[in-house]
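Asker: Handing over coords_38.pdb, PDB, C-alpha atoms.
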MODEL        1
ATOM      1  CA  MET A   1     -60.558 102.704 -55.327  1.00  0.00           C
ATOM      2  CA  LYS A   2     -60.726  98.987 -54.498  1.00  0.00           C
ATOM      3  CA  GLU A   3     -63.455  98.498 -57.107  1.00  0.00           C
ATOM      4  CA  LYS A   4     -61.311 100.277 -59.709  1.00  0.00           C
ATOM      5  CA  GLN A   5     -58.352  98.034 -58.890  1.00  0.00           C
ATOM      6  CA  ASN A   6     -60.581  94.971 -59.313  1.00  0.00           C
ATOM      7  CA  TYR A   7     -61.680  96.190 -62.746  1.00  0.00           C
ATOM      8  CA  ILE A   8     -58.048  96.774 -63.759  1.00  0.00           C
ATOM      9  CA  SER A   9     -57.096  93.272 -62.591  1.00  0.00           C
ATOM     10  CA  VAL A  10     -59.914  91.711 -64.647  1.00  0.00           C
ATOM     11  CA  LEU A  11     -58.885  93.663 -67.752  1.00  0.00           C
ATOM     12  CA  LEU A  12     -55.258  92.603 -67.353  1.00  0.00           C
ATOM     13  CA  ASP A  13     -56.354  88.977 -67.113  1.00  0.00           C
ATOM     14  CA  GLN A  14     -58.432  89.291 -70.280  1.00  0.00           C
ATOM     15  CA  MET A  15     -55.494  90.931 -72.069  1.00  0.00           C
ATOM     16  CA  GLU A  16     -53.224  88.042 -71.044  1.00  0.00           C
ATOM     17  CA  ILE A  17     -55.588  85.502 -72.611  1.00  0.00           C
ATOM     18  CA  PHE A  18     -57.021  87.345 -75.599  1.00  0.00           C
ATOM     19  CA  GLY A  19     -54.216  89.750 -76.431  1.00  0.00           C
ATOM     20  CA  ASN A  20     -53.958  93.498 -76.669  1.00  0.00           C
ATOM     21  CA  ASP A  21     -56.257  93.946 -79.681  1.00  0.00           C
ATOM     22  CA  LEU A  22     -59.305  94.526 -77.485  1.00  0.00           C
ATOM     23  CA  PHE A  23     -57.498  97.148 -75.450  1.00  0.00           C
ATOM     24  CA  ILE A  24     -55.754  99.252 -78.071  1.00  0.00           C
ATOM     25  CA  SER A  25     -54.952 102.785 -76.921  1.00  0.00           C
ATOM     26  CA  LYS A  26     -56.119 105.930 -78.679  1.00  0.00           C
ATOM     27  CA  GLU A  27     -52.524 106.690 -79.607  1.00  0.00           C
ATOM     28  CA  GLU A  28     -51.984 103.274 -81.161  1.00  0.00           C
ATOM     29  CA  LEU A  29     -55.349 103.440 -82.957  1.00  0.00           C
ATOM     30  CA  PHE A  30     -54.379 106.797 -84.441  1.00  0.00           C
ATOM     31  CA  LYS A  31     -50.963 105.405 -85.384  1.00  0.00           C
ATOM     32  CA  ASN A  32     -52.592 102.419 -87.103  1.00  0.00           C
ATOM     33  CA  LYS A  33     -54.930 104.677 -89.060  1.00  0.00           C
ATOM     34  CA  LEU A  34     -52.011 106.653 -90.346  1.00  0.00           C
ATOM     35  CA  ASN A  35     -50.342 103.474 -91.613  1.00  0.00           C
ATOM     36  CA  SER A  36     -53.413 101.557 -92.705  1.00  0.00           C
ATOM     37  CA  ASN A  37     -56.327 101.489 -95.078  1.00  0.00           C
ATOM     38  CA  TYR A  38     -59.669 101.574 -93.320  1.00  0.00           C
ATOM     39  CA  ASN A  39     -62.391  99.287 -94.585  1.00  0.00           C
ATOM     40  CA  SER A  40     -65.599 100.995 -93.479  1.00  0.00           C
ATOM     41  CA  GLU A  41     -67.803  98.170 -94.744  1.00  0.00           C
ATOM     42  CA  ASN A  42     -66.249  95.573 -92.489  1.00  0.00           C
ATOM     43  CA  GLN A  43     -65.299  98.099 -89.794  1.00  0.00           C
ATOM     44  CA  VAL A  44     -61.788  96.753 -89.457  1.00  0.00           C
ATOM     45  CA  LEU A  45     -58.347  98.152 -89.938  1.00  0.00           C
ATOM     46  CA  ILE A  46     -56.420  96.579 -92.802  1.00  0.00           C
ATOM     47  CA  VAL A  47     -52.787  97.197 -91.992  1.00  0.00           C
ATOM     48  CA  SER A  48     -50.652  97.887 -95.018  1.00  0.00           C
ATOM     49  CA  GLU A  49     -47.402  96.007 -95.492  1.00  0.00           C
ATOM     50  CA  GLN A  50     -44.641  97.747 -93.553  1.00  0.00           C
ATOM     51  CA  LYS A  51     -41.430  98.864 -95.136  1.00  0.00           C
ATOM     52  CA  GLU A  52     -38.271  96.947 -94.392  1.00  0.00           C
ATOM     53  CA  ASN A  53     -37.121  97.883 -90.924  1.00  0.00           C
ATOM     54  CA  SER A  54     -34.297 100.391 -90.907  1.00  0.00           C
ATOM     55  CA  ILE A  55     -32.572  98.255 -88.304  1.00  0.00           C
ATOM     56  CA  PHE A  56     -31.229  96.192 -91.238  1.00  0.00           C
ATOM     57  CA  SER A  57     -29.917  99.139 -93.238  1.00  0.00           C
ATOM     58  CA  SER A  58     -26.276  98.925 -94.261  1.00  0.00           C
ATOM     59  CA  GLU A  59     -25.133 101.699 -91.956  1.00  0.00           C
ATOM     60  CA  ASN A  60     -26.706 100.107 -88.862  1.00  0.00           C
ATOM     61  CA  ASN A  61     -26.081  96.384 -89.221  1.00  0.00           C
ATOM     62  CA  ASP A  62     -22.626  95.995 -87.665  1.00  0.00           C
ATOM     63  CA  TRP A  63     -24.252  94.458 -84.575  1.00  0.00           C
ATOM     64  CA  SER A  64     -25.563  91.611 -86.744  1.00  0.00           C
ATOM     65  CA  ASP A  65     -21.989  90.399 -87.233  1.00  0.00           C
ATOM     66  CA  SER A  66     -21.461  89.918 -83.494  1.00  0.00           C
ATOM     67  CA  LYS A  67     -19.663  86.692 -82.643  1.00  0.00           C
ATOM     68  CA  ASP A  68     -20.932  86.337 -79.075  1.00  0.00           C
ATOM     69  CA  LEU A  69     -23.457  87.788 -76.636  1.00  0.00           C
ATOM     70  CA  ASN A  70     -20.999  90.165 -75.001  1.00  0.00           C
ATOM     71  CA  GLU A  71     -20.152  91.740 -78.333  1.00  0.00           C
ATOM     72  CA  LEU A  72     -23.822  91.983 -79.250  1.00  0.00           C
ATOM     73  CA  PHE A  73     -24.675  93.641 -75.934  1.00  0.00           C
ATOM     74  CA  THR A  74     -21.895  96.183 -76.345  1.00  0.00           C
ATOM     75  CA  LYS A  75     -23.137  97.122 -79.798  1.00  0.00           C
ATOM     76  CA  ILE A  76     -26.860  97.441 -79.031  1.00  0.00           C
ATOM     77  CA  LYS A  77     -27.046  98.582 -75.384  1.00  0.00           C
ATOM     78  CA  ASN A  78     -27.434 102.248 -76.363  1.00  0.00           C
ATOM     79  CA  CYS A  79     -30.172 101.578 -78.937  1.00  0.00           C
ATOM     80  CA  THR A  80     -32.552 104.471 -79.626  1.00  0.00           C
ATOM     81  CA  LYS A  81     -34.495 102.958 -82.536  1.00  0.00           C
ATOM     82  CA  CYS A  82     -37.893 103.153 -80.821  1.00  0.00           C
ATOM     83  CA  SER A  83     -39.466 105.463 -78.264  1.00  0.00           C
ATOM     84  CA  LEU A  84     -39.053 103.025 -75.368  1.00  0.00           C
ATOM     85  CA  HIS A  85     -35.449 104.152 -74.868  1.00  0.00           C
ATOM     86  CA  LYS A  86     -36.599 107.603 -73.732  1.00  0.00           C
ATOM     87  CA  ASN A  87     -37.675 106.537 -70.247  1.00  0.00           C
ATOM     88  CA  ARG A  88     -35.425 103.568 -69.571  1.00  0.00           C
ATOM     89  CA  THR A  89     -32.987 103.350 -66.704  1.00  0.00           C
ATOM     90  CA  ASN A  90     -31.259 100.262 -68.088  1.00  0.00           C
ATOM     91  CA  PHE A  91     -31.265  98.295 -71.324  1.00  0.00           C
ATOM     92  CA  VAL A  92     -32.344  94.793 -70.251  1.00  0.00           C
ATOM     93  CA  PHE A  93     -30.402  92.508 -72.571  1.00  0.00           C
ATOM     94  CA  GLY A  94     -30.900  89.093 -70.976  1.00  0.00           C
ATOM     95  CA  SER A  95     -29.107  86.753 -68.593  1.00  0.00           C
ATOM     96  CA  GLY A  96     -28.150  83.136 -68.139  1.00  0.00           C
ATOM     97  CA  ASN A  97     -26.138  80.424 -69.838  1.00  0.00           C
ATOM     98  CA  PRO A  98     -24.851  81.628 -73.239  1.00  0.00           C
ATOM     99  CA  ASN A  99     -24.836  77.995 -74.416  1.00  0.00           C
ATOM    100  CA  ALA A 100     -28.208  77.052 -72.962  1.00  0.00           C
ATOM    101  CA  ASP A 101     -30.360  74.286 -74.394  1.00  0.00           C
ATOM    102  CA  VAL A 102     -33.409  76.188 -73.136  1.00  0.00           C
ATOM    103  CA  MET A 103     -34.388  79.818 -73.628  1.00  0.00           C
ATOM    104  CA  VAL A 104     -37.220  81.468 -71.712  1.00  0.00           C
ATOM    105  CA  ILE A 105     -38.758  84.501 -73.398  1.00  0.00           C
ATOM    106  CA  GLY A 106     -41.054  87.025 -71.768  1.00  0.00           C
ATOM    107  CA  GLU A 107     -42.732  90.244 -72.831  1.00  0.00           C
ATOM    108  CA  GLY A 108     -40.574  93.088 -71.546  1.00  0.00           C
ATOM    109  CA  PRO A 109     -38.878  94.543 -68.474  1.00  0.00           C
ATOM    110  CA  GLY A 110     -40.864  95.788 -65.495  1.00  0.00           C
ATOM    111  CA  ALA A 111     -39.893  98.413 -62.944  1.00  0.00           C
ATOM    112  CA  GLU A 112     -37.437  96.237 -61.018  1.00  0.00           C
ATOM    113  CA  GLU A 113     -35.897  94.858 -64.202  1.00  0.00           C
ATOM    114  CA  ASP A 114     -35.438  98.385 -65.540  1.00  0.00           C
ATOM    115  CA  LYS A 115     -33.787  99.345 -62.270  1.00  0.00           C
ATOM    116  CA  GLN A 116     -31.378  96.384 -62.177  1.00  0.00           C
ATOM    117  CA  GLY A 117     -30.847  95.817 -65.885  1.00  0.00           C
ATOM    118  CA  LEU A 118     -31.721  92.116 -65.549  1.00  0.00           C
ATOM    119  CA  PRO A 119     -34.797  90.171 -66.716  1.00  0.00           C
ATOM    120  CA  PHE A 120     -37.336  88.693 -64.313  1.00  0.00           C
ATOM    121  CA  VAL A 121     -35.969  89.901 -60.994  1.00  0.00           C
ATOM    122  CA  GLY A 122     -39.222  91.239 -59.478  1.00  0.00           C
ATOM    123  CA  ARG A 123     -42.060  89.213 -57.961  1.00  0.00           C
ATOM    124  CA  ALA A 124     -42.842  87.582 -61.289  1.00  0.00           C
ATOM    125  CA  GLY A 125     -39.177  86.693 -61.627  1.00  0.00           C
ATOM    126  CA  GLN A 126     -39.156  85.029 -58.227  1.00  0.00           C
ATOM    127  CA  LEU A 127     -42.124  82.929 -59.296  1.00  0.00           C
ATOM    128  CA  LEU A 128     -40.375  82.076 -62.572  1.00  0.00           C
ATOM    129  CA  THR A 129     -37.385  80.811 -60.590  1.00  0.00           C
ATOM    130  CA  GLU A 130     -39.705  78.505 -58.648  1.00  0.00           C
ATOM    131  CA  ILE A 131     -41.416  77.311 -61.831  1.00  0.00           C
ATOM    132  CA  LEU A 132     -38.068  76.448 -63.403  1.00  0.00           C
ATOM    133  CA  LYS A 133     -36.946  74.715 -60.234  1.00  0.00           C
ATOM    134  CA  SER A 134     -40.119  72.608 -60.238  1.00  0.00           C
ATOM    135  CA  ILE A 135     -39.095  71.109 -63.600  1.00  0.00           C
ATOM    136  CA  LYS A 136     -35.445  70.676 -62.620  1.00  0.00           C
ATOM    137  CA  PHE A 137     -33.951  73.785 -64.214  1.00  0.00           C
ATOM    138  CA  SER A 138     -31.957  76.490 -62.497  1.00  0.00           C
ATOM    139  CA  ARG A 139     -31.780  80.030 -63.824  1.00  0.00           C
ATOM    140  CA  ASP A 140     -28.074  79.492 -64.470  1.00  0.00           C
ATOM    141  CA  GLU A 141     -28.869  76.607 -66.847  1.00  0.00           C
ATOM    142  CA  VAL A 142     -31.280  78.511 -69.092  1.00  0.00           C
ATOM    143  CA  TYR A 143     -31.109  81.867 -70.861  1.00  0.00           C
ATOM    144  CA  ILE A 144     -33.827  84.431 -70.119  1.00  0.00           C
ATOM    145  CA  ALA A 145     -34.716  87.320 -72.418  1.00  0.00           C
ATOM    146  CA  ASN A 146     -37.676  89.435 -73.543  1.00  0.00           C
ATOM    147  CA  ILE A 147     -39.366  90.497 -76.760  1.00  0.00           C
ATOM    148  CA  VAL A 148     -38.466  94.140 -76.017  1.00  0.00           C
ATOM    149  CA  LYS A 149     -35.435  95.249 -74.040  1.00  0.00           C
ATOM    150  CA  CYS A 150     -36.666  98.541 -72.596  1.00  0.00           C
ATOM    151  CA  ARG A 151     -39.535  98.955 -70.160  1.00  0.00           C
ATOM    152  CA  PRO A 152     -42.818 100.165 -71.697  1.00  0.00           C
ATOM    153  CA  PRO A 153     -44.394 103.063 -69.737  1.00  0.00           C
ATOM    154  CA  GLU A 154     -46.565 101.857 -66.839  1.00  0.00           C
ATOM    155  CA  ASN A 155     -45.780  98.267 -67.865  1.00  0.00           C
ATOM    156  CA  ARG A 156     -48.188  98.473 -70.794  1.00  0.00           C
ATOM    157  CA  THR A 157     -48.042  95.863 -73.551  1.00  0.00           C
ATOM    158  CA  PRO A 158     -45.409  96.821 -76.152  1.00  0.00           C
ATOM    159  CA  PHE A 159     -46.802  98.289 -79.354  1.00  0.00           C
ATOM    160  CA  GLN A 160     -46.390  96.272 -82.542  1.00  0.00           C
ATOM    161  CA  ASP A 161     -43.808  98.637 -84.026  1.00  0.00           C
ATOM    162  CA  GLU A 162     -41.764  98.517 -80.809  1.00  0.00           C
ATOM    163  CA  MET A 163     -41.762  94.729 -80.892  1.00  0.00           C
ATOM    164  CA  GLU A 164     -40.797  94.597 -84.550  1.00  0.00           C
ATOM    165  CA  THR A 165     -37.973  97.088 -84.046  1.00  0.00           C
ATOM    166  CA  CYS A 166     -36.482  95.169 -81.126  1.00  0.00           C
ATOM    167  CA  PHE A 167     -37.137  91.623 -82.367  1.00  0.00           C
ATOM    168  CA  PRO A 168     -34.041  91.342 -84.606  1.00  0.00           C
ATOM    169  CA  TYR A 169     -31.897  91.666 -81.468  1.00  0.00           C
ATOM    170  CA  LEU A 170     -33.686  88.685 -79.941  1.00  0.00           C
ATOM    171  CA  GLU A 171     -33.304  86.776 -83.198  1.00  0.00           C
ATOM    172  CA  LYS A 172     -29.559  87.376 -83.030  1.00  0.00           C
ATOM    173  CA  GLN A 173     -29.451  86.177 -79.422  1.00  0.00           C
ATOM    174  CA  ILE A 174     -31.229  82.977 -80.429  1.00  0.00           C
ATOM    175  CA  GLU A 175     -28.797  82.542 -83.318  1.00  0.00           C
ATOM    176  CA  LEU A 176     -25.812  82.869 -80.973  1.00  0.00           C
ATOM    177  CA  ILE A 177     -27.181  80.729 -78.148  1.00  0.00           C
ATOM    178  CA  LYS A 178     -28.581  77.977 -80.400  1.00  0.00           C
ATOM    179  CA  PRO A 179     -31.141  76.620 -77.917  1.00  0.00           C
ATOM    180  CA  LYS A 180     -32.976  73.388 -78.570  1.00  0.00           C
ATOM    181  CA  LEU A 181     -36.196  74.584 -76.935  1.00  0.00           C
ATOM    182  CA  ILE A 182     -37.890  77.897 -76.138  1.00  0.00           C
ATOM    183  CA  LEU A 183     -40.580  78.526 -73.537  1.00  0.00           C
ATOM    184  CA  CYS A 184     -42.703  81.613 -74.248  1.00  0.00           C
ATOM    185  CA  LEU A 185     -44.233  83.284 -71.208  1.00  0.00           C
ATOM    186  CA  GLY A 186     -47.554  84.868 -72.088  1.00  0.00           C
ATOM    187  CA  LEU A 187     -49.370  85.816 -75.250  1.00  0.00           C
ATOM    188  CA  THR A 188     -47.201  88.819 -76.164  1.00  0.00           C
ATOM    189  CA  ALA A 189     -44.048  86.691 -76.149  1.00  0.00           C
ATOM    190  CA  ALA A 190     -45.759  83.997 -78.219  1.00  0.00           C
ATOM    191  CA  LYS A 191     -47.064  86.512 -80.760  1.00  0.00           C
ATOM    192  CA  GLY A 192     -43.708  88.231 -80.980  1.00  0.00           C
ATOM    193  CA  LEU A 193     -41.733  85.040 -81.571  1.00  0.00           C
ATOM    194  CA  LEU A 194     -44.168  82.848 -83.494  1.00  0.00           C
ATOM    195  CA  LYS A 195     -46.171  85.571 -85.288  1.00  0.00           C
ATOM    196  CA  LYS A 196     -49.366  83.803 -84.268  1.00  0.00           C
ATOM    197  CA  LYS A 197     -52.747  85.494 -83.797  1.00  0.00           C
ATOM    198  CA  GLU A 198     -54.499  82.825 -81.750  1.00  0.00           C
ATOM    199  CA  SER A 199     -55.440  83.219 -78.101  1.00  0.00           C
ATOM    200  CA  LEU A 200     -53.213  81.965 -75.301  1.00  0.00           C
ATOM    201  CA  THR A 201     -55.663  79.134 -74.697  1.00  0.00           C
ATOM    202  CA  ALA A 202     -55.304  78.022 -78.316  1.00  0.00           C
ATOM    203  CA  LEU A 203     -51.491  78.181 -78.199  1.00  0.00           C
ATOM    204  CA  ARG A 204     -50.959  76.336 -74.931  1.00  0.00           C
ATOM    205  CA  GLY A 205     -50.334  72.596 -75.037  1.00  0.00           C
ATOM    206  CA  LYS A 206     -48.924  72.643 -78.562  1.00  0.00           C
ATOM    207  CA  VAL A 207     -45.399  72.368 -79.934  1.00  0.00           C
ATOM    208  CA  PHE A 208     -44.316  74.890 -82.555  1.00  0.00           C
ATOM    209  CA  ASN A 209     -41.188  75.170 -84.656  1.00  0.00           C
ATOM    210  CA  TYR A 210     -39.026  78.272 -84.778  1.00  0.00           C
ATOM    211  CA  ARG A 211     -36.858  78.352 -87.905  1.00  0.00           C
ATOM    212  CA  ASN A 212     -37.715  74.688 -88.459  1.00  0.00           C
ATOM    213  CA  SER A 213     -35.299  73.419 -85.819  1.00  0.00           C
ATOM    214  CA  ILE A 214     -36.115  74.911 -82.408  1.00  0.00           C
ATOM    215  CA  LYS A 215     -39.144  73.578 -80.535  1.00  0.00           C
ATOM    216  CA  VAL A 216     -41.364  76.180 -78.841  1.00  0.00           C
ATOM    217  CA  MET A 217     -44.078  75.869 -76.203  1.00  0.00           C
ATOM    218  CA  VAL A 218     -46.251  78.536 -74.617  1.00  0.00           C
ATOM    219  CA  THR A 219     -47.540  79.025 -71.081  1.00  0.00           C
ATOM    220  CA  PHE A 220     -48.749  81.794 -68.789  1.00  0.00           C
ATOM    221  CA  HIS A 221     -46.641  84.787 -67.851  1.00  0.00           C
ATOM    222  CA  PRO A 222     -45.727  84.578 -64.146  1.00  0.00           C
ATOM    223  CA  ALA A 223     -47.288  88.018 -63.564  1.00  0.00           C
ATOM    224  CA  ALA A 224     -50.625  86.605 -64.716  1.00  0.00           C
ATOM    225  CA  LEU A 225     -50.242  83.761 -62.227  1.00  0.00           C
ATOM    226  CA  LEU A 226     -49.695  86.261 -59.421  1.00  0.00           C
ATOM    227  CA  ARG A 227     -52.983  87.925 -60.334  1.00  0.00           C
ATOM    228  CA  ASN A 228     -54.783  84.610 -60.831  1.00  0.00           C
ATOM    229  CA  PRO A 229     -53.331  81.786 -58.717  1.00  0.00           C
ATOM    230  CA  ASN A 230     -56.015  79.457 -60.109  1.00  0.00           C
ATOM    231  CA  TRP A 231     -54.050  79.343 -63.372  1.00  0.00           C
ATOM    232  CA  LYS A 232     -51.015  77.809 -61.661  1.00  0.00           C
ATOM    233  CA  LYS A 233     -52.451  74.316 -62.097  1.00  0.00           C
ATOM    234  CA  ASP A 234     -52.646  74.766 -65.878  1.00  0.00           C
ATOM    235  CA  CYS A 235     -49.168  76.291 -65.936  1.00  0.00           C
ATOM    236  CA  TRP A 236     -47.861  73.266 -64.044  1.00  0.00           C
ATOM    237  CA  LYS A 237     -49.281  70.989 -66.756  1.00  0.00           C
ATOM    238  CA  ASP A 238     -47.639  73.133 -69.440  1.00  0.00           C
ATOM    239  CA  VAL A 239     -44.185  73.105 -67.917  1.00  0.00           C
ATOM    240  CA  GLN A 240     -44.343  69.378 -67.190  1.00  0.00           C
ATOM    241  CA  GLU A 241     -44.964  68.813 -70.894  1.00  0.00           C
ATOM    242  CA  PHE A 242     -42.106  71.193 -71.661  1.00  0.00           C
ATOM    243  CA  ARG A 243     -39.755  69.169 -69.445  1.00  0.00           C
ATOM    244  CA  LYS A 244     -40.919  65.948 -71.092  1.00  0.00           C
ATOM    245  CA  LEU A 245     -40.211  67.420 -74.535  1.00  0.00           C
ATOM    246  CA  TYR A 246     -36.783  68.588 -73.353  1.00  0.00           C
ATOM    247  CA  GLU A 247     -35.837  65.106 -72.181  1.00  0.00           C
ATOM    248  CA  GLU A 248     -37.033  63.545 -75.453  1.00  0.00           C
ATOM    249  CA  ILE A 249     -34.889  65.937 -77.491  1.00  0.00           C
ATOM    250  CA  ILE A 250     -31.798  65.667 -75.268  1.00  0.00           C
ATOM    251  CA  ASN A 251     -31.926  61.876 -75.177  1.00  0.00           C
ATOM    252  CA  ASN A 252     -32.325  61.430 -78.932  1.00  0.00           C
TER
ENDMDL
END
Translate this file's structure into structure tokens.

Answerer:
Amino acid sequence: MKEKQNYISVLLDQMEIFGNDLFISKEELFKNKLNSNYNSENQVLIVSEQKENSIFSSENNDWSDSKDLNELFTKIKNCTKCSLHKNRTNFVFGSGNPNADVMVIGEGPGAEEDKQGLPFVGRAGQLLTEILKSIKFSRDEVYIANIVKCRPPENRTPFQDEMETCFPYLEKQIELIKPKLILCLGLTAAKGLLKKKESLTALRGKVFNYRNSIKVMVTFHPAALLRNPNWKKDCWKDVQEFRKLYEEIINN
């Protein structure tokens, strides 16, 4: 049993760095085949262009006119647009300062977050609080949210269609909050927000633009740091650079 747990820990670490592509489930593979053309010569899946998400259809877009976060939450909290709603206890919208200069974006709710309806309140959340404190931010100063708002079964990585279905809600939150900077926690958050395909190693230490005006940086997810404390040193370098960038933007 201990050996099995060690294998699982190693795989989770590899997923954090290299993404979920190497660990795609049979169900997701089958789903991709149904929506893709298969190139047998190159042995890769060529995903066909997806149809416009029904979340923007005229009969469902009243939430997009929300004037503040409370109104948005009220309109989307009972969302059933993807399968993740089936097992949720709570819709985890987000928490923090609605006028924050900094947003922190993670992957999705875990067991404790699903139970409480708040983001980052488990062990990883406690570590996130300490990370923020180390660069002179309190949780009340920033706004914390996730790529998906319902807990994936067994804390698996959200599927691409789940992320794409939920992402417009996050886009609306960003529009309402108007942050100056965003810190992405982990590769899934970075891929979901920036639509990048690079590894976490390739994304760290760089500054990206979201909608041409919001600066974005990427670091490790706190859960990955709990599994691999040796990565905390690199995370510390990342968040120091994030703080430096914040001060440059605020002071200009």

Asker: Counting all atoms listed in the file, what is within 6 Å of region 90-94 of chain A, bar same-chain residues fewer than 2 positions away, as a PDB file with C-alpha atoms, in the frame of the given file?

Answerer:
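The result, written out as out00.pdb:
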ATOM      1  CA  LYS A  77     -27.046  98.582 -75.384  1.00  0.00           C
ATOM      2  CA  ARG A  88     -35.425 103.568 -69.571  1.00  0.00           C
ATOM      3  CA  ASP A 114     -35.438  98.385 -65.540  1.00  0.00           C
ATOM      4  CA  GLY A 117     -30.847  95.817 -65.885  1.00  0.00           C
ATOM      5  CA  LEU A 118     -31.721  92.116 -65.549  1.00  0.00           C
ATOM      6  CA  PRO A 119     -34.797  90.171 -66.716  1.00  0.00           C
ATOM      7  CA  ILE A 144     -33.827  84.431 -70.119  1.00  0.00           C
ATOM      8  CA  ALA A 145     -34.716  87.320 -72.418  1.00  0.00           C
ATOM      9  CA  LYS A 149     -35.435  95.249 -74.040  1.00  0.00           C
ATOM     10  CA  CYS A 150     -36.666  98.541 -72.596  1.00  0.00           C
TER      11      CYS A 150
END

Asker: Report the distance between CA of Ala124 (chain A) and CA of Leu200 (chain A) in Å, rounded to one decimal place.

Answerer: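 Straight-line distance from CA of Ala124 (chain A) to CA of Leu200 (chain A) works out to 18.3 Å.
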
Asker: Selected by the PyMOL selection byres ((chain A and resi 105) around 9) in the shown coordinates: which residues, as an MDAnalysis selection string?

Answerer: chainID A and resid 103:104 106:108 143:147 182:186 189:190 193

Asker: Can you translate the PyMOL selection byres ((chain A and resi 242) around 12) into the concrete residues it hits in this file, as number ranges by chain?

Answerer: A: 102-104, 131-132, 134-137, 180-184, 204-208, 215-219, 235-241, 243-249

Asker: Measure the distance from CA of Pro152 (chain A) to CA of Pro222 (chain A) in Å and round it to one decimal.

Answerer: 17.6 Å

Asker: Determine the nearest neighbour of Phe167 (chain A) from the options A:Gly192, A:Pro98, A:Gly122, A:Pro153, counting all atoms listed in the file.

Answerer: A:Gly192

Asker: Please determine, counting all atoms listed in the file, which residue among A:Arg151, A:Lys233, A:Lys196, A:Lys178 has the shortest atom-to-atom distance to Leu69 (chain A).

Answerer: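 Going through A:Arg151, A:Lys233, A:Lys196, A:Lys178 one by one, the smallest distance to Leu69 (chain A) is for A:Lys178.
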
Asker: May I ask for the distance between CA of Leu187 (chain A) and CA of Lys86 (chain A), given in Å to one decimal place?

Answerer: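 Value for the CA of Leu187 (chain A)-CA of Lys86 (chain A) distance: 25.3 Å.
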
Asker: Of the residues A:Gln173, A:Thr165, A:Thr188, A:Ser95, which is the one nearest to His221 (chain A), using all atoms listed in the file?

Answerer: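 When distances to His221 (chain A) are compared using all atoms listed in the file, the smallest one comes from A:Thr188.
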
Asker: Would you mind putting N, CA and C atoms back on region 217-229 of chain A and writing the result as an mmCIF file, in the frame of the given file?

Answerer:
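Below is the file that was written, result_5.cif:
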data_model
loop_
_atom_site.group_PDB
_atom_site.id
_atom_site.type_symbol
_atom_site.label_atom_id
_atom_site.label_comp_id
_atom_site.auth_asym_id
_atom_site.auth_seq_id
_atom_site.Cartn_x
_atom_site.Cartn_y
_atom_site.Cartn_z
ATOM 1 N N MET A 217 -42.813 76.049 -76.904
ATOM 2 C CA MET A 217 -44.078 75.869 -76.203
ATOM 3 C C MET A 217 -44.442 77.166 -75.508
ATOM 4 N N VAL A 218 -45.720 77.286 -75.167
ATOM 5 C CA VAL A 218 -46.251 78.536 -74.617
ATOM 6 C C VAL A 218 -46.989 78.255 -73.318
ATOM 7 N N THR A 219 -46.779 79.113 -72.324
ATOM 8 C CA THR A 219 -47.540 79.025 -71.081
ATOM 9 C C THR A 219 -47.835 80.430 -70.568
ATOM 10 N N PHE A 220 -48.377 80.509 -69.366
ATOM 11 C CA PHE A 220 -48.749 81.794 -68.789
ATOM 12 C C PHE A 220 -47.521 82.607 -68.392
ATOM 13 N N HIS A 221 -47.664 83.917 -68.422
ATOM 14 C CA HIS A 221 -46.641 84.787 -67.851
ATOM 15 C C HIS A 221 -46.769 84.715 -66.331
ATOM 16 N N PRO A 222 -45.649 84.658 -65.611
ATOM 17 C CA PRO A 222 -45.727 84.578 -64.146
ATOM 18 C C PRO A 222 -46.531 85.712 -63.520
ATOM 19 N N ALA A 223 -46.507 86.904 -64.110
ATOM 20 C CA ALA A 223 -47.288 88.018 -63.564
ATOM 21 C C ALA A 223 -48.781 87.703 -63.596
ATOM 22 N N ALA A 224 -49.219 87.000 -64.630
ATOM 23 C CA ALA A 224 -50.625 86.605 -64.716
ATOM 24 C C ALA A 224 -50.972 85.599 -63.619
ATOM 25 N N LEU A 225 -50.013 84.743 -63.293
ATOM 26 C CA LEU A 225 -50.242 83.761 -62.227
ATOM 27 C C LEU A 225 -50.333 84.428 -60.863
ATOM 28 N N LEU A 226 -49.610 85.512 -60.685
ATOM 29 C CA LEU A 226 -49.695 86.261 -59.421
ATOM 30 C C LEU A 226 -51.070 86.900 -59.268
ATOM 31 N N ARG A 227 -51.647 87.329 -60.387
ATOM 32 C CA ARG A 227 -52.983 87.925 -60.334
ATOM 33 C C ARG A 227 -54.069 86.857 -60.232
ATOM 34 N N ASN A 228 -53.795 85.686 -60.818
ATOM 35 C CA ASN A 228 -54.783 84.610 -60.831
ATOM 36 C C ASN A 228 -54.132 83.283 -60.451
ATOM 37 N N PRO A 229 -53.975 83.032 -59.169
ATOM 38 C CA PRO A 229 -53.331 81.786 -58.717
ATOM 39 C C PRO A 229 -54.031 80.531 -59.230
#
